[in-house]
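Have a look at structure_5.cif below; it lists mmCIF, C-alpha atoms.
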data_my_file
loop_
_atom_site.label_atom_id
_atom_site.label_comp_id
_atom_site.auth_asym_id
_atom_site.auth_seq_id
_atom_site.Cartn_x
_atom_site.Cartn_y
_atom_site.Cartn_z
CA MET A 1 -14.07 -9.31 -15.87
CA GLN A 2 -13.68 -5.73 -14.61
CA LEU A 3 -11.13 -4.45 -12.08
CA SER A 4 -11.26 -1.29 -9.98
CA THR A 5 -7.44 -1.23 -10.29
CA ARG A 6 -6.92 1.79 -12.55
CA ASN A 7 -3.38 1.18 -13.78
CA LEU A 8 -2.88 -1.78 -16.11
CA LEU A 9 0.43 -1.73 -18.01
CA LYS A 10 1.11 -4.42 -20.63
CA GLY A 11 4.63 -5.80 -20.68
CA ARG A 12 6.96 -8.77 -20.93
CA ILE A 13 8.86 -10.41 -18.08
CA LYS A 14 12.61 -9.70 -18.29
CA THR A 15 13.88 -11.30 -15.07
CA ILE A 16 12.59 -13.15 -12.02
CA LYS A 17 14.66 -13.38 -8.80
CA SER A 18 13.26 -15.48 -5.95
CA ASP A 19 13.74 -16.21 -2.29
CA THR A 20 11.60 -18.77 -0.48
CA VAL A 21 8.97 -16.14 0.33
CA SER A 22 9.43 -13.13 -1.99
CA SER A 23 10.16 -12.73 -5.66
CA GLU A 24 11.23 -9.69 -7.65
CA VAL A 25 9.80 -9.62 -11.19
CA VAL A 26 11.12 -7.01 -13.64
CA MET A 27 8.97 -6.28 -16.69
CA ASP A 28 9.63 -4.28 -19.85
CA ILE A 29 6.56 -2.15 -20.62
CA GLY A 30 7.85 -0.82 -23.96
CA GLY A 31 10.64 1.45 -22.82
CA PRO A 32 10.59 1.91 -19.07
CA GLU A 33 10.83 -1.08 -16.74
CA ILE A 34 8.42 -1.99 -13.94
CA CYS A 35 9.54 -3.97 -10.89
CA ALA A 36 7.08 -5.94 -8.76
CA LEU A 37 7.69 -7.61 -5.40
CA ILE A 38 5.19 -10.48 -5.11
CA THR A 39 5.11 -13.77 -3.19
CA THR A 40 7.08 -16.67 -4.65
CA GLY A 41 3.89 -18.66 -4.09
CA SER A 42 2.21 -16.51 -6.75
CA VAL A 43 5.13 -16.86 -9.17
CA ASN A 44 4.88 -20.66 -8.92
CA ARG A 45 1.06 -20.78 -8.96
CA MET A 46 0.99 -18.63 -12.12
CA GLY A 47 3.95 -20.44 -13.68
CA LEU A 48 5.58 -17.08 -14.45
CA LYS A 49 8.77 -17.21 -16.50
CA GLU A 50 11.01 -14.88 -18.47
CA GLY A 51 9.45 -13.83 -21.80
CA ASP A 52 5.87 -14.15 -20.56
CA GLU A 53 3.44 -11.45 -21.70
CA VAL A 54 1.80 -10.01 -18.57
CA VAL A 55 0.05 -6.92 -17.22
CA ALA A 56 1.49 -4.91 -14.32
CA MET A 57 -1.36 -3.73 -12.04
CA VAL A 58 -1.17 -0.79 -9.65
CA LYS A 59 -3.97 0.71 -7.50
CA ALA A 60 -4.32 4.51 -7.89
CA THR A 61 -3.84 4.99 -4.14
CA SER A 62 -0.32 3.53 -4.48
CA VAL A 63 0.87 6.03 -7.11
CA MET A 64 2.90 9.07 -6.01
CA ILE A 65 4.01 12.06 -8.13
CA MET A 66 7.42 13.77 -8.38
CA LYS A 67 7.98 17.13 -10.13
CA GLU A 68 11.48 18.39 -10.95
CA MET B 1 19.05 12.35 -4.64
CA GLN B 2 18.35 8.60 -4.74
CA LEU B 3 15.04 6.84 -4.07
CA SER B 4 14.42 3.24 -3.10
CA THR B 5 11.17 3.51 -5.09
CA ARG B 6 11.91 1.27 -8.07
CA ASN B 7 9.26 2.42 -10.52
CA LEU B 8 9.66 5.93 -11.94
CA LEU B 9 7.56 6.62 -15.04
CA LYS B 10 7.96 9.97 -16.85
CA GLY B 11 4.73 11.53 -18.09
CA ARG B 12 2.58 14.62 -18.54
CA ILE B 13 -0.50 15.52 -16.51
CA LYS B 14 -3.70 15.17 -18.57
CA THR B 15 -6.37 15.89 -15.96
CA ILE B 16 -6.72 16.75 -12.28
CA LYS B 17 -10.01 16.24 -10.40
CA SER B 18 -10.19 17.38 -6.78
CA ASP B 19 -12.30 17.11 -3.67
CA THR B 20 -11.33 18.92 -0.47
CA VAL B 21 -9.20 15.98 0.69
CA SER B 22 -8.39 13.76 -2.31
CA SER B 23 -7.38 14.44 -5.89
CA GLU B 24 -7.24 12.14 -8.90
CA VAL B 25 -4.37 12.95 -11.29
CA VAL B 26 -4.29 11.21 -14.68
CA MET B 27 -0.94 11.19 -16.50
CA ASP B 28 0.02 10.18 -20.04
CA ILE B 29 3.23 8.15 -19.91
CA GLY B 30 3.67 7.89 -23.65
CA GLY B 31 0.81 5.57 -24.58
CA PRO B 32 -0.77 4.09 -21.49
CA GLU B 33 -2.23 6.35 -18.79
CA ILE B 34 -1.40 6.29 -15.09
CA CYS B 35 -3.91 7.43 -12.46
CA ALA B 36 -2.80 8.57 -9.01
CA LEU B 37 -4.96 9.28 -5.96
CA ILE B 38 -3.04 11.80 -3.82
CA THR B 39 -4.04 14.43 -1.25
CA THR B 40 -5.34 17.74 -2.58
CA GLY B 41 -2.88 19.29 -0.13
CA SER B 42 -0.05 17.84 -2.22
CA VAL B 43 -1.57 19.03 -5.50
CA ASN B 44 -1.73 22.59 -4.13
CA ARG B 45 1.68 22.48 -2.43
CA MET B 46 3.30 21.28 -5.67
CA GLY B 47 1.23 23.64 -7.83
CA LEU B 48 0.36 20.72 -10.13
CA LYS B 49 -1.57 21.63 -13.28
CA GLU B 50 -2.54 20.06 -16.60
CA GLY B 51 0.42 19.87 -19.01
CA ASP B 52 3.05 19.61 -16.26
CA GLU B 53 5.90 17.16 -16.89
CA VAL B 54 6.05 14.82 -13.87
CA VAL B 55 7.21 11.36 -12.79
CA ALA B 56 4.76 8.73 -11.50
CA MET B 57 6.35 6.79 -8.61
CA VAL B 58 5.31 3.31 -7.46
CA LYS B 59 6.93 1.11 -4.81
CA ALA B 60 7.67 -2.46 -6.02
CA THR B 61 5.60 -3.92 -3.17
CA SER B 62 2.52 -2.19 -4.64
CA VAL B 63 2.79 -3.79 -8.09
CA MET B 64 0.70 -6.85 -8.92
CA ILE B 65 0.86 -9.08 -12.01
CA MET B 66 -1.94 -10.43 -14.23
CA LYS B 67 -1.46 -13.13 -16.88
CA GLU B 68 -4.11 -13.89 -19.48
CA MET C 1 12.40 18.36 -6.81
CA GLN C 2 8.94 18.07 -5.20
CA LEU C 3 7.20 14.89 -4.02
CA SER C 4 3.49 14.28 -3.43
CA THR C 5 4.58 11.88 -0.66
CA ARG C 6 3.50 13.78 2.46
CA ASN C 7 5.54 12.05 5.11
CA LEU C 8 9.32 12.62 5.03
CA LEU C 9 11.13 11.66 8.24
CA LYS C 10 14.89 12.37 8.53
CA GLY C 11 16.91 9.63 10.19
CA ARG C 12 20.04 7.51 10.30
CA ILE C 13 20.31 3.85 9.30
CA LYS C 14 20.83 1.57 12.33
CA THR C 15 20.71 -1.88 10.73
CA ILE C 16 20.25 -3.53 7.34
CA LYS C 17 19.25 -7.20 7.03
CA SER C 18 19.06 -8.70 3.54
CA ASP C 19 17.81 -11.71 1.66
CA THR C 20 18.35 -12.10 -2.09
CA VAL C 21 15.11 -10.22 -2.84
CA SER C 22 14.04 -8.23 0.26
CA SER C 23 15.89 -6.12 2.80
CA GLU C 24 14.78 -4.77 6.17
CA VAL C 25 16.25 -1.35 6.96
CA VAL C 26 15.80 0.05 10.48
CA MET C 27 16.27 3.81 10.92
CA ASP C 28 16.53 5.98 14.01
CA ILE C 29 14.45 9.13 13.45
CA GLY C 30 15.48 10.83 16.66
CA GLY C 31 13.75 8.68 19.24
CA PRO C 32 11.36 6.25 17.64
CA GLU C 33 12.59 3.78 15.02
CA ILE C 34 11.22 3.30 11.51
CA CYS C 35 11.47 -0.04 9.71
CA ALA C 36 11.29 -0.26 5.91
CA LEU C 37 10.98 -3.40 3.77
CA ILE C 38 12.51 -2.54 0.35
CA THR C 39 14.11 -4.59 -2.42
CA THR C 40 17.73 -5.63 -1.94
CA GLY C 41 18.23 -4.29 -5.46
CA SER C 42 17.48 -0.80 -4.13
CA VAL C 43 19.80 -1.24 -1.14
CA ASN C 44 22.66 -2.14 -3.50
CA ARG C 45 21.82 0.50 -6.15
CA MET C 46 21.75 3.22 -3.46
CA GLY C 47 24.80 1.80 -1.65
CA LEU C 48 22.92 2.02 1.65
CA LYS C 49 24.94 1.21 4.77
CA GLU C 50 24.69 1.57 8.52
CA GLY C 51 25.23 5.18 9.68
CA ASP C 52 23.91 6.73 6.45
CA GLU C 53 21.71 9.82 6.84
CA VAL C 54 18.46 9.13 4.95
CA VAL C 55 14.80 10.14 4.78
CA ALA C 56 12.00 7.63 5.40
CA MET C 57 9.10 8.31 2.99
CA VAL C 58 5.49 7.24 3.53
CA LYS C 59 2.42 8.05 1.40
CA ALA C 60 -0.53 9.46 3.40
CA THR C 61 -2.81 6.66 2.14
CA SER C 62 -0.53 4.13 3.91
CA VAL C 63 -0.84 5.70 7.37
CA MET C 64 -3.36 4.29 9.87
CA ILE C 65 -4.34 5.67 13.28
CA MET C 66 -4.72 3.92 16.65
CA LYS C 67 -6.36 5.52 19.71
CA GLU C 68 -6.04 3.98 23.16
CA MET D 1 -2.59 -6.97 21.94
CA GLN D 2 0.30 -7.33 19.49
CA LEU D 3 0.51 -5.92 15.94
CA SER D 4 2.74 -7.03 13.08
CA THR D 5 2.75 -3.35 12.00
CA ARG D 6 6.35 -2.36 12.75
CA ASN D 7 6.05 1.42 12.80
CA LEU D 8 4.08 2.96 15.67
CA LEU D 9 4.65 6.70 16.16
CA LYS D 10 3.01 8.45 19.13
CA GLY D 11 1.60 11.89 18.41
CA ARG D 12 -1.20 14.41 18.83
CA ILE D 13 -3.80 15.35 16.23
CA LYS D 14 -3.23 18.88 14.87
CA THR D 15 -5.90 19.10 12.16
CA ILE D 16 -8.65 17.01 10.58
CA LYS D 17 -10.08 17.87 7.13
CA SER D 18 -12.98 15.77 5.85
CA ASP D 19 -14.95 15.05 2.72
CA THR D 20 -17.90 12.60 2.77
CA VAL D 21 -15.59 9.65 2.08
CA SER D 22 -11.98 10.63 2.91
CA SER D 23 -10.36 12.54 5.73
CA GLU D 24 -6.87 13.96 6.07
CA VAL D 25 -5.51 13.82 9.62
CA VAL D 26 -2.27 15.67 10.41
CA MET D 27 -0.43 14.63 13.58
CA ASP D 28 2.51 16.15 15.42
CA ILE D 29 4.88 13.35 16.43
CA GLY D 30 7.23 15.57 18.45
CA GLY D 31 8.84 17.63 15.70
CA PRO D 32 7.99 16.27 12.29
CA GLU D 33 4.36 15.94 11.20
CA ILE D 34 2.63 12.81 9.90
CA CYS D 35 -0.31 13.00 7.53
CA ALA D 36 -2.81 10.13 7.20
CA LEU D 37 -5.56 9.70 4.62
CA ILE D 38 -8.24 7.50 6.22
CA THR D 39 -11.98 7.05 5.69
CA THR D 40 -14.28 9.64 7.27
CA GLY D 41 -16.21 6.64 8.58
CA SER D 42 -13.19 5.78 10.74
CA VAL D 43 -12.80 9.36 11.96
CA ASN D 44 -16.44 9.37 13.11
CA ARG D 45 -16.39 5.83 14.54
CA MET D 46 -13.26 6.66 16.58
CA GLY D 47 -14.55 10.13 17.52
CA LEU D 48 -11.19 11.61 16.49
CA LYS D 49 -10.74 15.33 17.20
CA GLU D 50 -7.94 17.89 17.35
CA GLY D 51 -5.73 17.47 20.44
CA ASP D 52 -6.33 13.71 20.72
CA GLU D 53 -3.29 11.60 21.65
CA VAL D 54 -2.98 8.86 19.00
CA VAL D 55 -0.48 6.52 17.37
CA ALA D 56 0.33 6.70 13.65
CA MET D 57 0.76 3.16 12.25
CA VAL D 58 2.68 2.26 9.08
CA LYS D 59 3.45 -1.21 7.68
CA ALA D 60 7.16 -1.73 6.86
CA THR D 61 6.29 -2.60 3.24
CA SER D 62 4.88 0.94 2.80
CA VAL D 63 8.10 2.73 3.84
CA MET D 64 10.48 4.00 1.15
CA ILE D 65 13.96 5.50 1.58
CA MET D 66 15.51 8.63 0.04
CA LYS D 67 19.23 9.47 0.21
CA GLU D 68 20.55 12.90 -0.74
CA MET E 1 -8.00 0.50 21.72
CA GLN E 2 -9.49 1.71 18.45
CA LEU E 3 -8.01 1.35 14.95
CA SER E 4 -8.78 3.34 11.82
CA THR E 5 -8.07 0.11 9.89
CA ARG E 6 -11.52 -0.83 8.65
CA ASN E 7 -11.03 -4.49 7.78
CA LEU E 8 -10.46 -6.86 10.70
CA LEU E 9 -10.94 -10.54 9.84
CA LYS E 10 -10.70 -13.15 12.61
CA GLY E 11 -8.88 -16.34 11.69
CA ARG E 12 -6.41 -19.06 12.61
CA ILE E 13 -2.86 -19.44 11.31
CA LYS E 14 -2.52 -22.39 8.93
CA THR E 15 1.08 -22.04 7.76
CA ILE E 16 4.10 -19.79 8.21
CA LYS E 17 6.97 -19.76 5.70
CA SER E 18 9.99 -17.59 6.48
CA ASP E 19 13.12 -16.15 4.92
CA THR E 20 15.56 -14.04 6.95
CA VAL E 21 13.62 -10.85 6.14
CA SER E 22 10.10 -11.79 4.96
CA SER E 23 7.51 -14.29 6.09
CA GLU E 24 4.34 -15.52 4.41
CA VAL E 25 1.53 -16.26 6.87
CA VAL E 26 -1.59 -18.03 5.59
CA MET E 27 -4.72 -17.78 7.73
CA ASP E 28 -8.08 -19.56 7.56
CA ILE E 29 -10.83 -17.00 8.12
CA GLY E 30 -13.67 -19.52 8.18
CA GLY E 31 -13.77 -20.59 4.57
CA PRO E 32 -11.54 -18.42 2.42
CA GLU E 33 -7.85 -18.06 3.20
CA ILE E 34 -5.93 -14.82 3.72
CA CYS E 35 -2.23 -14.55 2.99
CA ALA E 36 -0.05 -11.88 4.61
CA LEU E 37 3.54 -10.94 3.76
CA ILE E 38 5.07 -9.44 6.94
CA THR E 39 8.61 -9.12 8.30
CA THR E 40 10.11 -12.19 9.96
CA GLY E 41 11.05 -9.79 12.76
CA SER E 42 7.32 -9.37 13.48
CA VAL E 43 6.67 -13.11 13.36
CA ASN E 44 9.40 -13.68 15.97
CA ARG E 45 8.47 -10.66 18.12
CA MET E 46 4.82 -11.82 18.24
CA GLY E 47 5.78 -15.48 18.64
CA LEU E 48 3.35 -16.41 15.86
CA LYS E 49 2.87 -20.12 15.26
CA GLU E 50 0.49 -22.45 13.44
CA GLY E 51 -2.88 -22.74 15.18
CA ASP E 52 -2.74 -19.25 16.71
CA GLU E 53 -5.99 -17.28 16.71
CA VAL E 54 -5.27 -13.92 15.08
CA VAL E 55 -6.93 -11.05 13.20
CA ALA E 56 -5.97 -10.14 9.63
CA MET E 57 -5.95 -6.34 9.22
CA VAL E 58 -6.31 -4.49 5.91
CA LYS E 59 -6.60 -0.71 5.32
CA ALA E 60 -9.56 0.26 3.09
CA THR E 61 -7.23 2.04 0.66
CA SER E 62 -5.55 -1.32 -0.06
CA VAL E 63 -8.74 -3.13 -1.12
CA MET E 64 -9.59 -3.45 -4.81
CA ILE E 65 -12.78 -4.78 -6.41
CA MET E 66 -13.27 -7.26 -9.29
CA LYS E 67 -16.60 -7.87 -11.03
CA GLU E 68 -17.15 -10.83 -13.36
CA MET F 1 -6.80 -14.93 -16.34
CA GLN F 2 -4.45 -15.31 -13.38
CA LEU F 3 -3.63 -12.71 -10.72
CA SER F 4 -0.64 -12.53 -8.40
CA THR F 5 -3.01 -10.94 -5.87
CA ARG F 6 -3.31 -13.69 -3.25
CA ASN F 7 -6.44 -12.61 -1.43
CA LEU F 8 -9.71 -12.86 -3.36
CA LEU F 9 -12.83 -12.70 -1.17
CA LYS F 10 -16.27 -13.19 -2.79
CA GLY F 11 -19.01 -10.91 -1.53
CA ARG F 12 -21.97 -8.69 -2.27
CA ILE F 13 -22.00 -4.89 -2.24
CA LYS F 14 -23.97 -3.51 0.73
CA THR F 15 -23.39 0.23 0.37
CA ILE F 16 -21.57 2.72 -1.86
CA LYS F 17 -20.79 6.26 -0.67
CA SER F 18 -19.16 8.65 -3.15
CA ASP F 19 -17.40 11.97 -3.35
CA THR F 20 -16.22 13.38 -6.70
CA VAL F 21 -12.87 11.58 -6.40
CA SER F 22 -13.19 8.77 -3.83
CA SER F 23 -15.81 6.17 -3.06
CA GLU F 24 -16.25 3.88 -0.07
CA VAL F 25 -17.68 0.46 -0.99
CA VAL F 26 -18.77 -1.87 1.84
CA MET F 27 -19.14 -5.55 0.96
CA ASP F 28 -20.61 -8.48 2.89
CA ILE F 29 -18.29 -11.47 2.50
CA GLY F 30 -20.55 -13.93 4.30
CA GLY F 31 -20.32 -12.67 7.86
CA PRO F 32 -17.62 -10.07 8.21
CA GLU F 33 -17.70 -6.91 6.11
CA ILE F 34 -14.93 -5.58 3.88
CA CYS F 35 -14.58 -1.88 3.13
CA ALA F 36 -12.73 -0.61 0.05
CA LEU F 37 -11.70 2.95 -0.77
CA ILE F 38 -11.48 3.19 -4.60
CA THR F 39 -11.79 6.01 -7.13
CA THR F 40 -15.32 7.11 -8.06
CA GLY F 41 -14.10 6.83 -11.65
CA SER F 42 -13.79 3.06 -11.13
CA VAL F 43 -17.21 2.81 -9.52
CA ASN F 44 -18.79 4.51 -12.55
CA ARG F 45 -16.67 2.66 -15.15
CA MET F 46 -17.63 -0.69 -13.57
CA GLY F 47 -21.26 0.36 -13.03
CA LEU F 48 -21.02 -0.86 -9.42
CA LYS F 49 -24.29 -0.80 -7.45
CA GLU F 50 -25.71 -2.20 -4.23
CA GLY F 51 -26.45 -5.95 -4.48
CA ASP F 52 -23.74 -6.64 -7.06
CA GLU F 53 -21.75 -9.84 -6.60
CA VAL F 54 -18.07 -8.89 -6.56
CA VAL F 55 -14.66 -10.05 -5.34
CA ALA F 56 -12.60 -8.01 -2.86
CA MET F 57 -8.91 -8.19 -3.81
CA VAL F 58 -5.99 -7.56 -1.44
CA LYS F 59 -2.25 -7.94 -2.10
CA ALA F 60 -0.43 -10.03 0.54
CA THR F 61 1.98 -7.16 1.25
CA SER F 62 -1.01 -5.07 2.44
CA VAL F 63 -2.18 -7.55 5.09
CA MET F 64 -1.15 -7.04 8.73
CA ILE F 65 -1.70 -9.38 11.69
CA MET F 66 -3.00 -8.65 15.20
CA LYS F 67 -2.82 -11.12 18.10
CA GLU F 68 -4.76 -10.58 21.33
#
Rewrite the structure of this file - the entire thing - as structure tokens.
Amino acid sequence: MQLSTRNLLKGRIKTIKSDTVSSEVVMDIGGPEICALITTGSVNRMGLKEGDEVVAMVKATSVMIMKE
Amino acid sequence: MQLSTRNLLKGRIKTIKSDTVSSEVVMDIGGPEICALITTGSVNRMGLKEGDEVVAMVKATSVMIMKE
Amino acid sequence: MQLSTRNLLKGRIKTIKSDTVSSEVVMDIGGPEICALITTGSVNRMGLKEGDEVVAMVKATSVMIMKE
Amino acid sequence: MQLSTRNLLKGRIKTIKSDTVSSEVVMDIGGPEICALITTGSVNRMGLKEGDEVVAMVKATSVMIMKE
Amino acid sequence: MQLSTRNLLKGRIKTIKSDTVSSEVVMDIGGPEICALITTGSVNRMGLKEGDEVVAMVKATSVMIMKE
Amino acid sequence: MQLSTRNLLKGRIKTIKSDTVSSEVVMDIGGPEICALITTGSVNRMGLKEGDEVVAMVKATSVMIMKE
């Protein structure tokens, strides 16, 4: 299975916070953290829970750059 | 200066590939790579070049999750 | 500090409405309003409140165009 | 016709820069500028040209906030 | 009225689930389903309800591709 | 393999148009068309070509709604 999504970052779920509609999932990707806002429907469908090994996916068009 | 953007990943620019309108910037964030598609206007305005230390920024609503 | 994000619109926060996970922040940018959906975690971390002077940020790839 | 897209900013096209696939459209929205990256197919289909009165559209989930 | 948004998919609202800030709207587009996460403010402003005929809109830069 | 991405639309590639950095991929999803703007790097890495059976993927936060 191939994805056009360029950015695939392996990590482990640290916390999940949910409303009825939206959930915030924070992942440790070996140092920095990554936070995703996804639907609670997806959290339940995937059975996501703290400690799960997952991959954070980000499309290249969604990535911005900051330079000090 | 504070940003609502939750995901800030420090890295170094590996490659920049540009058309007139769009540019693809690949960054090493200490292991995995991150690829950004930004406007060439921004690359020129910021004077981005290979080797620059930068921060990749991603809004939480743009992050998806995959579970094997 | 430079950002690749092309669209930076100065404004003042009019209202903030929050759930546990998501918050809706409406800003007056000198005439029209701008509405942002960000994580409540960011609202709290940044200590955002009505009347604050802020900048609304939008990546060029997120902007669409309508013509009557 | 109603849109769920919360942010509708009236403006006038200042410049259009195009590659085969992507186009950068800069609009004056009465002071600040707004830059959109859309497909060149859309520019041609809509017959967009400098001086056109248009509306820049942005979904609330795409708007970030910066506070000095 | 013309839109630069390339993807316009006609459908009918199946379900709406709402928090104070976010709503999940599931639409049947003649076979597959499409799920949108929009602000509850937009749901109320548009008076969206189950059975409504609507169009799901997606910008080309938001579409990814998977190949088995 | 599970994805949080809610919208998965099966289709077949009709056309691919490429610049150095960006590519426009139009897919037939059994009636309506879906257009994706992805990096040319992904097109080449995935070996995408006209006639390929693929799945168009869209995050729920990227879907807007229009009502006549």
> Contacts of Glu33 of chain B at 9 Å or less, counting all atoms listed in the file, minus same-chain residues fewer than 5 places along, as a list in words?
Replying inline: Asn7, Leu8 and Leu9 of chain A; Gly11, Lys14, Val26, Met27 and Asp28 of chain B
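For the pair atom CA of Arg45 of chain C and atom CA of Val21 of chain E, the interatomic distance is 18.6 Å.
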Chain D on chain B, least-squares, complete ordered Cα pairing, as a PDB file with C-alpha atoms, in the coordinates of the input:
ATOM      1  CA  MET D   1      19.042  12.349  -4.658  1.00  0.00           C
ATOM      2  CA  GLN D   2      18.363   8.605  -4.746  1.00  0.00           C
ATOM      3  CA  LEU D   3      15.034   6.844  -4.074  1.00  0.00           C
ATOM      4  CA  SER D   4      14.423   3.232  -3.093  1.00  0.00           C
ATOM      5  CA  THR D   5      11.162   3.510  -5.091  1.00  0.00           C
ATOM      6  CA  ARG D   6      11.910   1.251  -8.064  1.00  0.00           C
ATOM      7  CA  ASN D   7       9.269   2.416 -10.523  1.00  0.00           C
ATOM      8  CA  LEU D   8       9.658   5.926 -11.943  1.00  0.00           C
ATOM      9  CA  LEU D   9       7.565   6.619 -15.057  1.00  0.00           C
ATOM     10  CA  LYS D  10       7.962   9.967 -16.847  1.00  0.00           C
ATOM     11  CA  GLY D  11       4.747  11.528 -18.100  1.00  0.00           C
ATOM     12  CA  ARG D  12       2.585  14.610 -18.541  1.00  0.00           C
ATOM     13  CA  ILE D  13      -0.493  15.517 -16.514  1.00  0.00           C
ATOM     14  CA  LYS D  14      -3.699  15.156 -18.571  1.00  0.00           C
ATOM     15  CA  THR D  15      -6.375  15.889 -15.958  1.00  0.00           C
ATOM     16  CA  ILE D  16      -6.714  16.752 -12.275  1.00  0.00           C
ATOM     17  CA  LYS D  17     -10.016  16.236 -10.399  1.00  0.00           C
ATOM     18  CA  SER D  18     -10.183  17.380  -6.776  1.00  0.00           C
ATOM     19  CA  ASP D  19     -12.319  17.098  -3.685  1.00  0.00           C
ATOM     20  CA  THR D  20     -11.355  18.922  -0.452  1.00  0.00           C
ATOM     21  CA  VAL D  21      -9.205  15.987   0.679  1.00  0.00           C
ATOM     22  CA  SER D  22      -8.392  13.760  -2.332  1.00  0.00           C
ATOM     23  CA  SER D  23      -7.375  14.438  -5.900  1.00  0.00           C
ATOM     24  CA  GLU D  24      -7.228  12.147  -8.907  1.00  0.00           C
ATOM     25  CA  VAL D  25      -4.371  12.945 -11.289  1.00  0.00           C
ATOM     26  CA  VAL D  26      -4.278  11.201 -14.679  1.00  0.00           C
ATOM     27  CA  MET D  27      -0.939  11.192 -16.513  1.00  0.00           C
ATOM     28  CA  ASP D  28       0.018  10.182 -20.035  1.00  0.00           C
ATOM     29  CA  ILE D  29       3.235   8.157 -19.877  1.00  0.00           C
ATOM     30  CA  GLY D  30       3.683   7.886 -23.653  1.00  0.00           C
ATOM     31  CA  GLY D  31       0.808   5.584 -24.570  1.00  0.00           C
ATOM     32  CA  PRO D  32      -0.792   4.096 -21.500  1.00  0.00           C
ATOM     33  CA  GLU D  33      -2.233   6.351 -18.797  1.00  0.00           C
ATOM     34  CA  ILE D  34      -1.407   6.298 -15.083  1.00  0.00           C
ATOM     35  CA  CYS D  35      -3.900   7.426 -12.473  1.00  0.00           C
ATOM     36  CA  ALA D  36      -2.790   8.581  -9.005  1.00  0.00           C
ATOM     37  CA  LEU D  37      -4.950   9.295  -5.967  1.00  0.00           C
ATOM     38  CA  ILE D  38      -3.035  11.801  -3.815  1.00  0.00           C
ATOM     39  CA  THR D  39      -4.041  14.420  -1.246  1.00  0.00           C
ATOM     40  CA  THR D  40      -5.336  17.745  -2.575  1.00  0.00           C
ATOM     41  CA  GLY D  41      -2.876  19.300  -0.131  1.00  0.00           C
ATOM     42  CA  SER D  42      -0.045  17.835  -2.220  1.00  0.00           C
ATOM     43  CA  VAL D  43      -1.577  19.031  -5.488  1.00  0.00           C
ATOM     44  CA  ASN D  44      -1.732  22.591  -4.117  1.00  0.00           C
ATOM     45  CA  ARG D  45       1.686  22.487  -2.420  1.00  0.00           C
ATOM     46  CA  MET D  46       3.302  21.269  -5.668  1.00  0.00           C
ATOM     47  CA  GLY D  47       1.226  23.641  -7.825  1.00  0.00           C
ATOM     48  CA  LEU D  48       0.367  20.726 -10.127  1.00  0.00           C
ATOM     49  CA  LYS D  49      -1.593  21.630 -13.271  1.00  0.00           C
ATOM     50  CA  GLU D  50      -2.536  20.062 -16.598  1.00  0.00           C
ATOM     51  CA  GLY D  51       0.418  19.859 -19.015  1.00  0.00           C
ATOM     52  CA  ASP D  52       3.040  19.603 -16.252  1.00  0.00           C
ATOM     53  CA  GLU D  53       5.899  17.158 -16.887  1.00  0.00           C
ATOM     54  CA  VAL D  54       6.061  14.820 -13.864  1.00  0.00           C
ATOM     55  CA  VAL D  55       7.201  11.367 -12.790  1.00  0.00           C
ATOM     56  CA  ALA D  56       4.755   8.738 -11.510  1.00  0.00           C
ATOM     57  CA  MET D  57       6.347   6.792  -8.619  1.00  0.00           C
ATOM     58  CA  VAL D  58       5.302   3.312  -7.463  1.00  0.00           C
ATOM     59  CA  LYS D  59       6.933   1.109  -4.802  1.00  0.00           C
ATOM     60  CA  ALA D  60       7.681  -2.449  -6.023  1.00  0.00           C
ATOM     61  CA  THR D  61       5.596  -3.919  -3.175  1.00  0.00           C
ATOM     62  CA  SER D  62       2.503  -2.182  -4.634  1.00  0.00           C
ATOM     63  CA  VAL D  63       2.802  -3.788  -8.096  1.00  0.00           C
ATOM     64  CA  MET D  64       0.708  -6.865  -8.912  1.00  0.00           C
ATOM     65  CA  ILE D  65       0.858  -9.080 -12.013  1.00  0.00           C
ATOM     66  CA  MET D  66      -1.944 -10.422 -14.229  1.00  0.00           C
ATOM     67  CA  LYS D  67      -1.456 -13.129 -16.877  1.00  0.00           C
ATOM     68  CA  GLU D  68      -4.122 -13.895 -19.468  1.00  0.00           C
TER      69      GLU D  68
END
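The spacing separating atom CA of Asp52 of chain B from atom CA of Leu3 of chain C amounts to 13.8 Å.
Note that atom CA of Thr15 of chain B and atom CA of Leu37 of chain F are 20.7 Å apart.
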> How would you write, as a PyMOL selection string, the residues chosen by the PyMOL selection byres ((chain D) within 6 of (chain B)) on this structure?
Replying inline: chain D and resi 64-68
> Near Val43 of chain D, within 9 Å and counting all atoms listed in the file, which residues show up once chain neighbours fewer than 6 positions away are dropped, as an NGL selection string?
Replying inline: (:D and (16 or 18 or 23 or 25 or 49)) or (:E and (4))
Can you write out the residues you just picked, keeping C-alpha atoms, as a PDB file, in the frame of the given file?
ATOM      1  CA  ILE D  16      -8.650  17.010  10.580  1.00  0.00           C
ATOM      2  CA  SER D  18     -12.980  15.770   5.850  1.00  0.00           C
ATOM      3  CA  SER D  23     -10.360  12.540   5.730  1.00  0.00           C
ATOM      4  CA  VAL D  25      -5.510  13.820   9.620  1.00  0.00           C
ATOM      5  CA  LYS D  49     -10.740  15.330  17.200  1.00  0.00           C
TER       6      LYS D  49
ATOM      7  CA  SER E   4      -8.780   3.340  11.820  1.00  0.00           C
TER       8      SER E   4
END
As lines of an AutoDock Vina configuration file: centre and edge lengths in Å, one decimal, of the axis-aligned box holding segment 43-57 of chain E with 4 Å per side:
center_x = 1.2
center_y = -14.5
center_z = 13.9
size_x = 24.3
size_y = 24.4
size_z = 17.4
